Amino acid sequence: MAESPRRAAGRRLQLPLLCLFLQGVTAILFAVFVRYNHETDAALWHRGNHSNADNEFYFRYPSFQDVHAMVFVGFGFLMAFLQRYGFSSVGFTFLLAAFALQWSTLVQGFLHSFHGGHIHVGVESMINADFCAGAVLISFGAVLGKTGPAQLLLMALLEVVLFGINEFVLLSLLGVRDAGGSMTIHTFGAYFGLVLSRVLYRPRLEKSKHRLGSVYHSDLFAMIGTIFLWIFWPSFNSAPTMLGDGQHRTALNTYYSLTASTLSTFALSALIGVDGQLNMVHIQNAALAGGVVVGTSGEMMLTPFGALAAGFLAGTVSTLGYKFFTPILESKFKVQDTCGVHNLHGMPGVLGALLGVLVAGLATHEAYGDGLEGVFPLIAEGQRSTTSQAIYQLFGLFVTLMFASVGGGLGGLLLRLSFLDSPQDSQCYEDQIYWEMPGVHEDEAQGPLKVEEPDTQA
Amino acid sequence: MAESPRRAAGRRLQLPLLCLFLQGVTAILFAVFVRYNHETDAALWHRGNHSNADNEFYFRYPSFQDVHAMVFVGFGFLMAFLQRYGFSSVGFTFLLAAFALQWSTLVQGFLHSFHGGHIHVGVESMINADFCAGAVLISFGAVLGKTGPAQLLLMALLEVVLFGINEFVLLSLLGVRDAGGSMTIHTFGAYFGLVLSRVLYRPRLEKSKHRLGSVYHSDLFAMIGTIFLWIFWPSFNSAPTMLGDGQHRTALNTYYSLTASTLSTFALSALIGVDGQLNMVHIQNAALAGGVVVGTSGEMMLTPFGALAAGFLAGTVSTLGYKFFTPILESKFKVQDTCGVHNLHGMPGVLGALLGVLVAGLATHEAYGDGLEGVFPLIAEGQRSTTSQAIYQLFGLFVTLMFASVGGGLGGLLLRLSFLDSPQDSQCYEDQIYWEMPGVHEDEAQGPLKVEEPDTQA
Amino acid sequence: MAESPRRAAGRRLQLPLLCLFLQGVTAILFAVFVRYNHETDAALWHRGNHSNADNEFYFRYPSFQDVHAMVFVGFGFLMAFLQRYGFSSVGFTFLLAAFALQWSTLVQGFLHSFHGGHIHVGVESMINADFCAGAVLISFGAVLGKTGPAQLLLMALLEVVLFGINEFVLLSLLGVRDAGGSMTIHTFGAYFGLVLSRVLYRPRLEKSKHRLGSVYHSDLFAMIGTIFLWIFWPSFNSAPTMLGDGQHRTALNTYYSLTASTLSTFALSALIGVDGQLNMVHIQNAALAGGVVVGTSGEMMLTPFGALAAGFLAGTVSTLGYKFFTPILESKFKVQDTCGVHNLHGMPGVLGALLGVLVAGLATHEAYGDGLEGVFPLIAEGQRSTTSQAIYQLFGLFVTLMFASVGGGLGGLLLRLSFLDSPQDSQCYEDQIYWEMPGVHEDEAQGPLKVEEPDTQA
C-alpha cells in the first residue's frame with residue numbers, strides 16, 4: 001500500500017536534519033583543523049619578502065572562477081534538460097556541490113596539506129575542492145531523478161572520501177599525472193555513479209518514462225550548461241598544472257580538442273539520426289567529450305594535431321555510445337544512466353587515461369627540454385623511465401576503476417537503506433515531490449503538472 | 001475614471017526624455033571633468049618607470065568582470081522570477097545600471113579621486129561604479145513591478161548621490177572598513193528601497209496579486225541569476241581589497257560563507273515548507289546571504305570557521321525572514337518588498353556590519369603581523385585601538401541606516417510626484433504596459449497575456 | 001513538386017560528410033604545420049630566462065575567456081530570439097564557431113605567424129581565431145533561418161579565408177589600427193552576410209513569416225546573449241591591444257561607450273515605439289552598438305567623453321535602423337536581414353571605422369607621449385604623419401567593404417549550388433527540419449510545433 005502523505009512528509013525531515021548535522025560536523029572540524037595558508041594569512045604572507053604580484057591568487061584565481069562556473073552553472077543547467085526536473089537538477093547540484101566543497105576541503109586537506117596539525121587553505125585547495133564536487137555531480141548525473149536529496153548528500157559524504165583517497169594514491173603514491181582528471185574526476189565519478197545506479201536498479205521505472213524526455217525550453221536551458229562547460233573547459237584542465245608553459249599549453253590543447261569533438265558529434269549525430277536530424281542529447285553532451293579526453297594528456301606535449309585527433313575520437317565514441325550503448329547498458333547490464341554519464345565521462349575518461357599512457361610513454365627529453373621537470377618530475381630526476389611512467393599511468397586507471405566500482409557498490413547499499421526517502425517508481429524525474437511548485441494551486445500549470453497517483457503497488 | 005490610452009501614451013514620453021536629458025548632463029560633465037588616470041593614459045603611464053605587468057589592470061580586471069557579470073546577469077535574472085515581468089526585470093536592470101555607472105563615476109569621482117580639477121578613472125573607478133549600481137538594483141528589488149522606468153531613473157539619480165556621500169563618510173571620514181559593502185551596498189541599498197517602498201505603499205495592490213508569482217520557467221531564469229551571483233561573490237567582496245593576501249583571503253572567506261548559507265537555506269526551507277518541500281524563493285535568495293554577511297569582515301582574519309558560522313547564520317535568518325517576517329512587513333509596517341530585499345540584503349547586511357564590529361574588536365597585532373597595515377591602517381599607525389575601530393564600525397552602521405532611511409523617504413516623495421508615470425494597482429508586475437509583447441496581436445500568447453482592464457476606480 | 005522525404009533525408013548526408021571532410025583536412029594541415037609557440041612549448045619556454053609570470057598567458061587568457069564566452073554564449077543565445085529556431089541558433093553557432101576556430105588558426109597562421117615552415121600557436125592565436133569566428137557568426141545572423149548547416153559550413157570555409165586576407169592587408173600591409181575590429185570583424189562580417197543574403201534573396205519568404213517573431217521566453221533567452229555580449233565587450237576590444245595602459249584604456253572606453261548606447265537605445269526605442277512601448281529587438285541588439293563603434297578607436301586616446309558620445313550615436317543610429325531602414329533594406333534592396341546585422345554591426349562598424357579616422361587624425365605627440373609607439377608605431381617611428389595614418393585608416397574601410405562585398409557575392413553563388421540542402425520557403429526559421437524535436441511523437445508539443453506541409457509549388 002502507498003505511504004500516507006503525512007508519513008511521507010515526515011520522511012522529508014531527513015533532508016534538513018542531515019544538512020544541519022553535516023554542517024555542524026564540518027564546522028567543528030573546520031574550527032579545529034582549517035587554517036589560512038601562507039598566501040591567505042595576513043601575518044604569514046607579510047613575513048616573507050614577496051611582491052604582492054607573486055601571490056598564487058593572481059595565477060590561479062581566474063581559472064578557479066571558470067571552474068566554479070562550470071561546476072555550478074555548467075553541471076546544474078546541463079542536467080536541467082528533463083521537462084519536470086529543472087528545479088531539482090539546478091537545486092540539488094547547488095546543494096551537493098556546496099556540501100562537497102566543505103567536505104572535500106577537509107578530506108583533501110588531511111591527505112595533501114596537513115602540516116603541524118592543521119589543514120592550510122588557499123586558491124589551490126579551492127580548485128581541488130571544486131574538482132571533487134565535479135566528480136560528485138558526474139555521479140549525480142547517473143542517478144538523476146531517481147534519488148532524493150538526503151540520499152544524494154549521503155552519496156556525496158562517501159564519494160568525497162573515496163575521491164580523496166583515490167586521488168592521493170594516484171598523484172602522491174603512484175606519481176601518476178592527471179591534471180585535468182580524466183581518471184580522478186571523470187572515470188572515477190562516472191563508474192562510481194554507474195555502479196551505484198546498478199545497485200539501485202528499478203525494474204519498473206517505465207512508470208516514469210513519460211517524464212524522461214525534454215521539452216523545447218528545457219533543452220535550451222540545458223544548452224546553457226553545455227556551452228559554459230565547453231568554453232571554460234580549457235581553464236578546468238589547466239587550473240592545477242604548473243605555471244607558465246604548462247598552464248598555457250594545457251588550455252590550448254583542450255581548446256583544440258573541444259573543437260574537434262564538436263565537429264565529430266555533429267557529424268555522427270546527423271549520420272545516425274532519423275532522417276539525418278541532429279539530436280539535442282548528443283550535442284549537449286558528446287560535444288564536451290573533447291574536454292574529458294585530454295584531462296590527463298593536456299599538460300603533456302600532445303601536439304595540436306594530437307589534441308584534434310583525441311577530441312574527434314572522443315566525440316565519435318560518445319555520440320555512438322548514446323545511440324547504441326546506453327540502451328544495452330539498461331537492458332543487459334541493468335544500469336539506468338539518466339544523463340548518459342558513461343558516454344560523456346566514462347568512456348572518454350578511460351580513453352583519456354589511455355591517451356595519457358601513450359603520450360607519457362612517447363615522452364622524450366628532447367621534446368620537453370628543461371620543461372620535463374614540470375610535467376614528469378620523476379622522469380626528470382631519473383627515478384623513472386618514460387616506459388615505467390606509462391605503466392604507472394595505466395596502473396592508475398585500474399586503481400581508479402577499482403575504487404570507483406567498490407565505492408559505487410558501497411554507496412548503492414548505503415542509499416538502499418529502507419528508511420531513506422526515495423521517490424517511488426512512478427514519481428521519478430518529478431520536481432513536485434521535493435519542491436513547492438508555482439501555479440499548482442492556481443490552475444496555471446505549465447506542462448504535465450498534475451499530481452501523480454500514489455504508487456498503489458509499492 | 002481611467003486615463004485615456006492616448007494620455008497614458010503621452011506620459012510614456014517621460015522615459016525617453018529623461019534618458020536623453022540625463023545622458024546629456026553626464027556627457028557634459030564627463031567632457032569637463034573626467035580624465036584617464038595614470039594607468040589608462042598613454043602619456044602618463046609611459047612617463048613612469050613601470051613594467052606593464054605592474055598595471056593595476058592585471059590585478060583587478062578579472063575581479064571587475066565578475067562583478068560586472070553579477071550586476072547585469074545576476075541581479076537582472078534573479079528578479080526575472082515573476083511570471084510576467086521578465087522583460088522589465090532584465091531590461092530595467094540594464095537601463096538603471098548603465099545610467100548608474102555613468103552617474104556614480106561622477107559622484108564617486110568628485111568625492112574620491114578629484115585632483116587638479118579632474119576626476120581620474122581606471123579599473124578601480126569601474127569597480128566602484130558597479131558597486132554603486134548594485135546598491136541601486138537592491139533598492140529596485142524592493143519596488144519591483146510597482147514603479148515605471150522613469151521613476152526608477154529618478155530613484156537612481158538620487159540614490160547614487162546619497163550612496164556616494166554615505167560611502168565617503170564611512171570610508172574616508174570615519175575610517176570604517178567595508179570592502180564588500182555589507183553596510184555601504186547591502187544595508188544602504190536595502191533600507192533605501194524599503195523606506196521608499198513604504199512611502200509608495202499601495203493599499204489595493206491585491207488587484208495585481210495574481211501576477212505576483214512565478215511560473216516554472218521563470219523560476220529557472222531566476223536561478224541563472226542566483227548561480228551567477230553565488231559563484232562570483234568571492235570576486236565581489238575581494239575586488240577592492242588590498243592586493244596579495246587581502247584579495248586572496250577575502251575570496252576564500254566568501255567562498256566558505258556561501259557554502260554554509262546554501263546548506264542552512266536548504267535545511268530551513270525544507271523544515272518550514274509544506275510537507276517538507278523546498279521553496280524556490282528561499283533557494284534563489286537566502287542561499288546568497290552568505291556573501292552579504294562577510295562583506296565587511298571578509299578581508300579580516302575571520303578564519304575559515306568564522307566564515308562558515310557567519311554564512312550559516314545568514315542563510316538561516318534570511319530563510320526565516322522570507323517565511324515569517326515578509327508578511328508582517330507588509331501587514332504591520334506597510335512595506336511591500338517584492339523581492340524580499342530585507343531578507344537577502346537588509347538583515348544579512350546588518351549582521352555583516354555587526355560581525356565586522358566583532359572581528360575588528362578582536363583584532364590583534366599577532367594575528368595580522370605586518371599585514372595589519374593593509375586591513376586596519378589606523379590601528380597599525382597607532383591612531384586607534386581595536387576597540388575604538390570597533391566602535392567606529394558600529395557608528396558606520398548607524399550612519400548608513402540614517403542615510404538610507406532619510407534618502408529612501410526623500411526618494412519616495414520624489415517618486416510620488418503625480419505627473420510621473422506609474423503603473424496602476426491592477427497593472428503591477430506586468431511587462432505589457434512597457435514593452436511591445438511578442439504574439440499579442442497574433443493570438444499566440446504564452447501564459448496569462450490578455451490585456452488588463454483599465455482601472456475604473458483610479 | 002515537393003521533394004520526397006527520403007530524398008530530403010538523403011540530402012541531409014551533406015552535413016555529416018562535410019563535417020568529416022573538413023575535420024579531416026584541418027587535422028592533416030595541423031599535423032603538418034601547427035606547432036606550439038615559444039610560450040606553450042615545454043622545451044622552448046624553458047630555454048629562455050623567463051619568470052613564469054612573464055608568460056603571455058597571464059596577460060591575455062582572462063580576456064580570451066571573456067571573448068570565448070561572447071562568441072559561444074553571446075552570439076548563440078542572442079540569435080535564439082526566434083520562437084522556433086533556438087536549437088539551430090545555439091547549435092549552429094556552436095558548430096560554425098568550432099570549425100572556424102580550427103580553420104582560422106590555419107589561415108591566420110599562414111598569414112601572420114608562419115616561420116620556419118610552421119604555424120606557431122598560443123593564446124594570441126586563440127584570441128584571433130575567436131575574433132574570426134565572431135565575424136562568421138555576424139554573417140550567420142544575416143541569413144539566420146534561411147540556410148542549412150552544410151551551406152553555413154561552406155560559408156565559413158570561404159569567409160574565414162577572406163577574413164584572414166582582409167585582416168592581413170589592413171593590419172600588416174596598410175598599417176591600419178583596428179584592435180577591436182570595427183572594420184575587420186564587424187564591417188566585414190556584416191556586409192559579407194548582407195551581400196550573401198542578397199544573392200540568396202527569397203521572394204516568397206512570407207510563407208514563413210509566422211515564425212519570424214519571438215515568444216516571451218525566447219526573448220529572455222536572447223537577453224542572456226545580449227547581456228553576456230555587453231558585459232564582456234570591454235574584454236573583446238582590449239584582448240589584442242598592447243599590454244599596460246593600452247589594454248586598460250581600451251576596456252575603459254568600451255565600458256563607457258556601452259553605457260551610452262544603452263541609454264540612447266532605451267530612449268529611442270520608447271520614442272518610436274507604439275504607445276511609447278519599448279521593443280525587445282532594439283534592447284537586445286542596438287544597446288550593443290556602443291561596443292562595435294569603439295572597436296577601432298578604443299585603444300586610442302578617445303577620452304571618456306568621446307566614448308560616451310560615440311556610444312550614444314551608435315545606439316541611436318542602430319535603433320533607428322531597426323525601425324526605418326530594415327524594412328527598406330528588404331523592400332528596396334532585396335536584402336532579408338534576419339537579425340538586423342546591418343543595424344548592429346554594419347552601420348556601427350562603418351561609424352567606428354570613421355571614428356578611428358578622426359581620432360587617428362587628431363593624435364598628437366603630446367597626448368600620447370612615449371605611449372605613441374604602442375598605438376601608432378609608424379607615426380612614432382616617423383614613417384607617417386597623423387594625417388596620413390588617418391587616410392590609411394579610411395582606405396582600410398574601403399578595402400574591407402570591397403572584400404566583404406565581393407566575398408559575400410561569391411559566397412552567395414556558392415550557397416546557391418542547387419545540390420546543397422536548403423530549407424524551403426515555407427520551412428524557414430524552423431528547427432524541426434534539422435533537429436529531432438522533443439515531444440513531437442508524444443503530442444506534448446510546446447507552441448506551434450505541427451509539421452509543415454511540403455511546399456507544393458517548389
# chains A, B, ... in the order shown; residues from 1 in each chain; ligands from 1
>>> closest_atom_pairs(of="chain A", to="chain C", cutoff="7 Å", atoms="only C-alpha atoms", output="JSON lines")
{"residue": "A:Phe59", "atom": "CA", "partner": "C:Tyr58", "partner_atom": "CA", "distance": 6.9}
{"residue": "A:Pro62", "atom": "CA", "partner": "C:Pro62", "partner_atom": "CA", "distance": 6.5}
{"residue": "A:Gly213", "atom": "CA", "partner": "C:Pro438", "partner_atom": "CA", "distance": 6.9}
{"residue": "A:Ser214", "atom": "CA", "partner": "C:Pro438", "partner_atom": "CA", "distance": 5.7}
{"residue": "A:Val215", "atom": "CA", "partner": "C:Pro438", "partner_atom": "CA", "distance": 5.4}
{"residue": "A:Tyr216", "atom": "CA", "partner": "C:Pro438", "partner_atom": "CA", "distance": 6.3}
{"residue": "A:Ile227", "atom": "CA", "partner": "C:Val73", "partner_atom": "CA", "distance": 6.5}
{"residue": "A:Ile231", "atom": "CA", "partner": "C:His68", "partner_atom": "CA", "distance": 6.3}
{"residue": "A:Leu243", "atom": "CA", "partner": "C:Asn52", "partner_atom": "CA", "distance": 6.1}
{"residue": "A:Gly244", "atom": "CA", "partner": "C:Asn52", "partner_atom": "CA", "distance": 4.4}
{"residue": "A:Asp245", "atom": "CA", "partner": "C:Thr40", "partner_atom": "CA", "distance": 4.7}
{"residue": "A:His248", "atom": "CA", "partner": "C:Thr40", "partner_atom": "CA", "distance": 5.5}
{"residue": "A:Arg249", "atom": "CA", "partner": "C:Thr40", "partner_atom": "CA", "distance": 4.6}
{"residue": "A:Leu252", "atom": "CA", "partner": "C:Gly122", "partner_atom": "CA", "distance": 6.7}
{"residue": "A:Thr259", "atom": "CA", "partner": "C:Ala98", "partner_atom": "CA", "distance": 4.7}
{"residue": "A:Thr262", "atom": "CA", "partner": "C:Leu95", "partner_atom": "CA", "distance": 6.6}
{"residue": "A:Leu263", "atom": "CA", "partner": "C:Cys19", "partner_atom": "CA", "distance": 6.0}
{"residue": "A:Ser264", "atom": "CA", "partner": "C:Leu20", "partner_atom": "CA", "distance": 6.9}
{"residue": "A:Phe266", "atom": "CA", "partner": "C:Pro16", "partner_atom": "CA", "distance": 6.8}
{"residue": "A:Ala267", "atom": "CA", "partner": "C:Pro16", "partner_atom": "CA", "distance": 3.8}
{"residue": "A:Leu268", "atom": "CA", "partner": "C:Pro16", "partner_atom": "CA", "distance": 6.6}
{"residue": "A:Ala270", "atom": "CA", "partner": "C:Pro16", "partner_atom": "CA", "distance": 6.0}
{"residue": "A:Leu271", "atom": "CA", "partner": "C:Pro16", "partner_atom": "CA", "distance": 6.0}
{"residue": "A:Asp275", "atom": "CA", "partner": "C:Ala9", "partner_atom": "CA", "distance": 4.6}
{"residue": "A:Gly276", "atom": "CA", "partner": "C:Arg12", "partner_atom": "CA", "distance": 5.2}
{"residue": "A:Gln277", "atom": "CA", "partner": "C:Trp435", "partner_atom": "CA", "distance": 4.8}
{"residue": "A:Leu278", "atom": "CA", "partner": "C:Trp435", "partner_atom": "CA", "distance": 4.6}
{"residue": "A:Asn279", "atom": "CA", "partner": "C:Glu436", "partner_atom": "CA", "distance": 5.5}
{"residue": "A:Thr303", "atom": "CA", "partner": "C:Arg35", "partner_atom": "CA", "distance": 6.8}
{"residue": "A:Pro304", "atom": "CA", "partner": "C:Val34", "partner_atom": "CA", "distance": 6.6}
{"residue": "A:Phe305", "atom": "CA", "partner": "C:Ala31", "partner_atom": "CA", "distance": 5.0}
{"residue": "A:Leu308", "atom": "CA", "partner": "C:Ala27", "partner_atom": "CA", "distance": 6.5}
{"residue": "A:Ala367", "atom": "CA", "partner": "C:Ala43", "partner_atom": "CA", "distance": 6.2}
{"residue": "A:Tyr368", "atom": "CA", "partner": "C:Ala43", "partner_atom": "CA", "distance": 4.6}
{"residue": "A:Gly369", "atom": "CA", "partner": "C:Ala43", "partner_atom": "CA", "distance": 4.1}
{"residue": "A:Asp370", "atom": "CA", "partner": "C:His46", "partner_atom": "CA", "distance": 5.5}
{"residue": "A:Gly371", "atom": "CA", "partner": "C:Ala42", "partner_atom": "CA", "distance": 4.7}
>>> residues_around(residues="segment 151-156 of chain B", least_positions_apart="3", cutoff="6 Å", atoms="only C-alpha atoms", output="ChimeraX atom specification")
/B:148,159-160,411,415
>>> write_last_selection(atoms="N, CA, C and O atoms", output="compact mmCIF listing (two decimals), in the first residue's frame")
# COMPACT_ATOMS: atom_id res chain seq x y z
N GLY B 148 7.46 52.72 -12.59
CA GLY B 148 7.80 52.84 -14.00
C GLY B 148 9.27 53.13 -14.18
O GLY B 148 9.96 53.53 -13.23
N GLU B 159 19.69 58.17 -5.46
CA GLU B 159 20.36 57.16 -4.65
C GLU B 159 21.87 57.14 -4.87
O GLU B 159 22.64 56.94 -3.93
N VAL B 160 22.28 57.33 -6.13
CA VAL B 160 23.72 57.32 -6.41
C VAL B 160 24.43 58.41 -5.63
O VAL B 160 25.53 58.21 -5.09
N GLY B 411 13.34 59.86 -1.57
CA GLY B 411 13.12 59.20 -2.85
C GLY B 411 11.65 58.88 -3.05
O GLY B 411 11.10 59.08 -4.14
N LEU B 415 9.25 60.17 -6.03
CA LEU B 415 8.58 59.26 -6.97
C LEU B 415 7.06 59.37 -6.91
O LEU B 415 6.36 58.90 -7.81
>>> atom_distance(atom1="atom CA of Val293 of chain B", atom2="atom CA of Phe403 of chain B")
20.1 Å
>>> residues_around(residues="segment 173-184 of chain A", least_positions_apart="4", cutoff="7 Å", atoms="only C-alpha atoms", output="ChimeraX atom specification")
/A:167-169,188,236-238,240-241,292-293,295-296,349-350,352-353,392-393,396-397,400
>>> write_last_selection(atoms="N, CA and C atoms", output="PDB file, in the first residue's frame")
ATOM      1  N   GLU A 167      42.576   9.858  -5.359  1.00  0.00           N
ATOM      2  CA  GLU A 167      43.453  10.909  -5.877  1.00  0.00           C
ATOM      3  C   GLU A 167      44.814  10.870  -5.182  1.00  0.00           C
ATOM      4  N   PHE A 168      44.788  10.644  -3.871  1.00  0.00           N
ATOM      5  CA  PHE A 168      46.036  10.587  -3.109  1.00  0.00           C
ATOM      6  C   PHE A 168      46.898   9.408  -3.575  1.00  0.00           C
ATOM      7  N   VAL A 169      46.269   8.268  -3.767  1.00  0.00           N
ATOM      8  CA  VAL A 169      47.011   7.092  -4.228  1.00  0.00           C
ATOM      9  C   VAL A 169      47.645   7.368  -5.588  1.00  0.00           C
ATOM     10  N   PHE A 188      36.469   8.190 -12.401  1.00  0.00           N
ATOM     11  CA  PHE A 188      36.021   7.878 -11.039  1.00  0.00           C
ATOM     12  C   PHE A 188      34.545   8.244 -10.846  1.00  0.00           C
ATOM     13  N   PHE A 236      39.544  24.482 -16.849  1.00  0.00           N
ATOM     14  CA  PHE A 236      39.408  23.338 -15.945  1.00  0.00           C
ATOM     15  C   PHE A 236      40.671  22.493 -15.998  1.00  0.00           C
ATOM     16  N   ASN A 237      41.046  22.113 -17.204  1.00  0.00           N
ATOM     17  CA  ASN A 237      42.212  21.235 -17.322  1.00  0.00           C
ATOM     18  C   ASN A 237      43.508  21.918 -16.926  1.00  0.00           C
ATOM     19  N   SER A 238      43.573  23.242 -17.115  1.00  0.00           N
ATOM     20  CA  SER A 238      44.832  23.936 -16.843  1.00  0.00           C
ATOM     21  C   SER A 238      44.900  24.523 -15.440  1.00  0.00           C
ATOM     22  N   PRO A 240      45.116  23.391 -12.358  1.00  0.00           N
ATOM     23  CA  PRO A 240      46.096  22.955 -11.358  1.00  0.00           C
ATOM     24  C   PRO A 240      47.474  22.622 -11.916  1.00  0.00           C
ATOM     25  N   THR A 241      47.734  22.867 -13.193  1.00  0.00           N
ATOM     26  CA  THR A 241      49.033  22.483 -13.745  1.00  0.00           C
ATOM     27  C   THR A 241      50.111  23.458 -13.285  1.00  0.00           C
ATOM     28  N   VAL A 292      37.062  16.041 -21.734  1.00  0.00           N
ATOM     29  CA  VAL A 292      37.356  14.900 -20.851  1.00  0.00           C
ATOM     30  C   VAL A 292      38.593  14.149 -21.327  1.00  0.00           C
ATOM     31  N   VAL A 293      38.684  13.956 -22.644  1.00  0.00           N
ATOM     32  CA  VAL A 293      39.684  13.032 -23.172  1.00  0.00           C
ATOM     33  C   VAL A 293      41.108  13.562 -23.079  1.00  0.00           C
ATOM     34  N   GLY A 295      42.082  15.298 -20.403  1.00  0.00           N
ATOM     35  CA  GLY A 295      42.272  15.628 -18.991  1.00  0.00           C
ATOM     36  C   GLY A 295      43.615  15.178 -18.448  1.00  0.00           C
ATOM     37  N   THR A 296      44.095  14.053 -18.921  1.00  0.00           N
ATOM     38  CA  THR A 296      45.407  13.581 -18.464  1.00  0.00           C
ATOM     39  C   THR A 296      46.545  14.137 -19.324  1.00  0.00           C
ATOM     40  N   GLY A 349      36.697   9.285 -20.388  1.00  0.00           N
ATOM     41  CA  GLY A 349      37.662   9.310 -19.291  1.00  0.00           C
ATOM     42  C   GLY A 349      38.677   8.185 -19.424  1.00  0.00           C
ATOM     43  N   VAL A 350      38.186   6.978 -19.710  1.00  0.00           N
ATOM     44  CA  VAL A 350      39.096   5.845 -19.902  1.00  0.00           C
ATOM     45  C   VAL A 350      40.003   6.084 -21.110  1.00  0.00           C
ATOM     46  N   GLY A 352      40.887   8.918 -22.200  1.00  0.00           N
ATOM     47  CA  GLY A 352      41.828   9.960 -21.796  1.00  0.00           C
ATOM     48  C   GLY A 352      42.976   9.389 -20.974  1.00  0.00           C
ATOM     49  N   ALA A 353      42.648   8.435 -20.101  1.00  0.00           N
ATOM     50  CA  ALA A 353      43.696   7.785 -19.312  1.00  0.00           C
ATOM     51  C   ALA A 353      44.658   7.027 -20.225  1.00  0.00           C
ATOM     52  N   TYR A 392      52.868   3.135 -14.852  1.00  0.00           N
ATOM     53  CA  TYR A 392      52.216   3.693 -13.676  1.00  0.00           C
ATOM     54  C   TYR A 392      50.896   4.379 -14.046  1.00  0.00           C
ATOM     55  N   GLN A 393      50.903   5.085 -15.175  1.00  0.00           N
ATOM     56  CA  GLN A 393      49.668   5.748 -15.617  1.00  0.00           C
ATOM     57  C   GLN A 393      48.559   4.714 -15.826  1.00  0.00           C
ATOM     58  N   GLY A 396      47.285   3.455 -12.664  1.00  0.00           N
ATOM     59  CA  GLY A 396      46.394   4.446 -12.055  1.00  0.00           C
ATOM     60  C   GLY A 396      44.957   4.295 -12.544  1.00  0.00           C
ATOM     61  N   LEU A 397      44.821   3.961 -13.812  1.00  0.00           N
ATOM     62  CA  LEU A 397      43.467   3.749 -14.347  1.00  0.00           C
ATOM     63  C   LEU A 397      42.787   2.568 -13.664  1.00  0.00           C
ATOM     64  N   THR A 400      41.775   3.444 -10.181  1.00  0.00           N
ATOM     65  CA  THR A 400      40.597   4.307 -10.201  1.00  0.00           C
ATOM     66  C   THR A 400      39.330   3.506 -10.452  1.00  0.00           C
TER      67      THR A 400
END
>>> residues_around(residues="Ile127 of chain B", least_positions_apart="3", cutoff="6 Å", atoms="only C-alpha atoms", output="list in words")
Phe64, Glu124 and Asp130 of chain B
>>> residues_around(residues="Pro327 of chain A", least_positions_apart="5", cutoff="12 Å", atoms="only C-alpha atoms", output="ChimeraX atom specification")
/A:320-322,332-338,340,342-343
>>> select_by_dssp(residues="segment 215-387 of chain A", states="helix (DSSP H, G or I)", output="PyMOL selection string")
chain A and resi 216-238+245-272+274-276+280-293+297-299+304-331+341-361+365-375+377-380+386-387
>>> select_by_dssp(residues="segment 21-255 of chain A", states="strand (DSSP E)", output="ChimeraX atom specification")
/A:34-36,114-115,118-121
>>> write_last_selection(atoms="N, CA, C and O atoms", output="tab-separated table (two decimals), in the first residue's frame")
chain	number	residue	atom	x	y	z
A	34	VAL	N	41.22	23.72	10.19
A	34	VAL	CA	41.48	24.50	8.98
A	34	VAL	C	42.03	25.88	9.29
A	34	VAL	O	41.47	26.62	10.10
A	35	ARG	N	43.13	26.20	8.66
A	35	ARG	CA	43.79	27.50	8.86
A	35	ARG	C	44.16	28.11	7.50
A	35	ARG	O	44.33	27.39	6.52
A	36	TYR	N	44.30	29.45	7.46
A	36	TYR	CA	44.79	30.11	6.25
A	36	TYR	C	46.21	29.61	5.94
A	36	TYR	O	47.00	29.38	6.86
A	114	PHE	N	48.25	18.68	5.22
A	114	PHE	CA	48.13	18.63	6.66
A	114	PHE	C	49.53	18.75	7.27
A	114	PHE	O	50.35	17.85	7.18
A	115	HIS	N	49.80	19.92	7.81
A	115	HIS	CA	51.12	20.17	8.40
A	115	HIS	C	50.92	20.78	9.78
A	115	HIS	O	50.09	21.67	9.95
A	118	HIS	N	47.45	21.08	11.20
A	118	HIS	CA	46.43	21.91	10.55
A	118	HIS	C	46.39	21.70	9.05
A	118	HIS	O	47.40	21.39	8.41
A	119	ILE	N	45.20	21.92	8.50
A	119	ILE	CA	44.99	21.96	7.06
A	119	ILE	C	45.14	23.41	6.62
A	119	ILE	O	44.56	24.30	7.24
A	120	HIS	N	45.90	23.64	5.56
A	120	HIS	CA	46.14	25.01	5.12
A	120	HIS	C	45.45	25.26	3.79
A	120	HIS	O	45.66	24.52	2.83
A	121	VAL	N	44.67	26.32	3.74
A	121	VAL	CA	43.81	26.53	2.57
A	121	VAL	C	44.10	27.83	1.82
A	121	VAL	O	44.55	28.81	2.41
>>> residues_around(residues="His345 of chain A", least_positions_apart="3", cutoff="8 Å", atoms="only C-alpha atoms", output="PyMOL selection string")
chain A and resi 138+186-187+189-190+289+292+341-342+348-349
>>> atom_distance(atom1="atom CA of Leu354 of chain C", atom2="atom CA of Arg60 of chain C")
27.7 Å
>>> residues_around(residues="Leu288 of chain B", least_positions_apart="4", cutoff="9 Å", atoms="only C-alpha atoms", output="list in words")
Thr226, Ile227, Leu229, Trp230, Trp233, Leu258, Ser261, Thr262, Ile283, Gln284, Val292, Gly311, Ala314, Gly315 and Leu344 of chain B
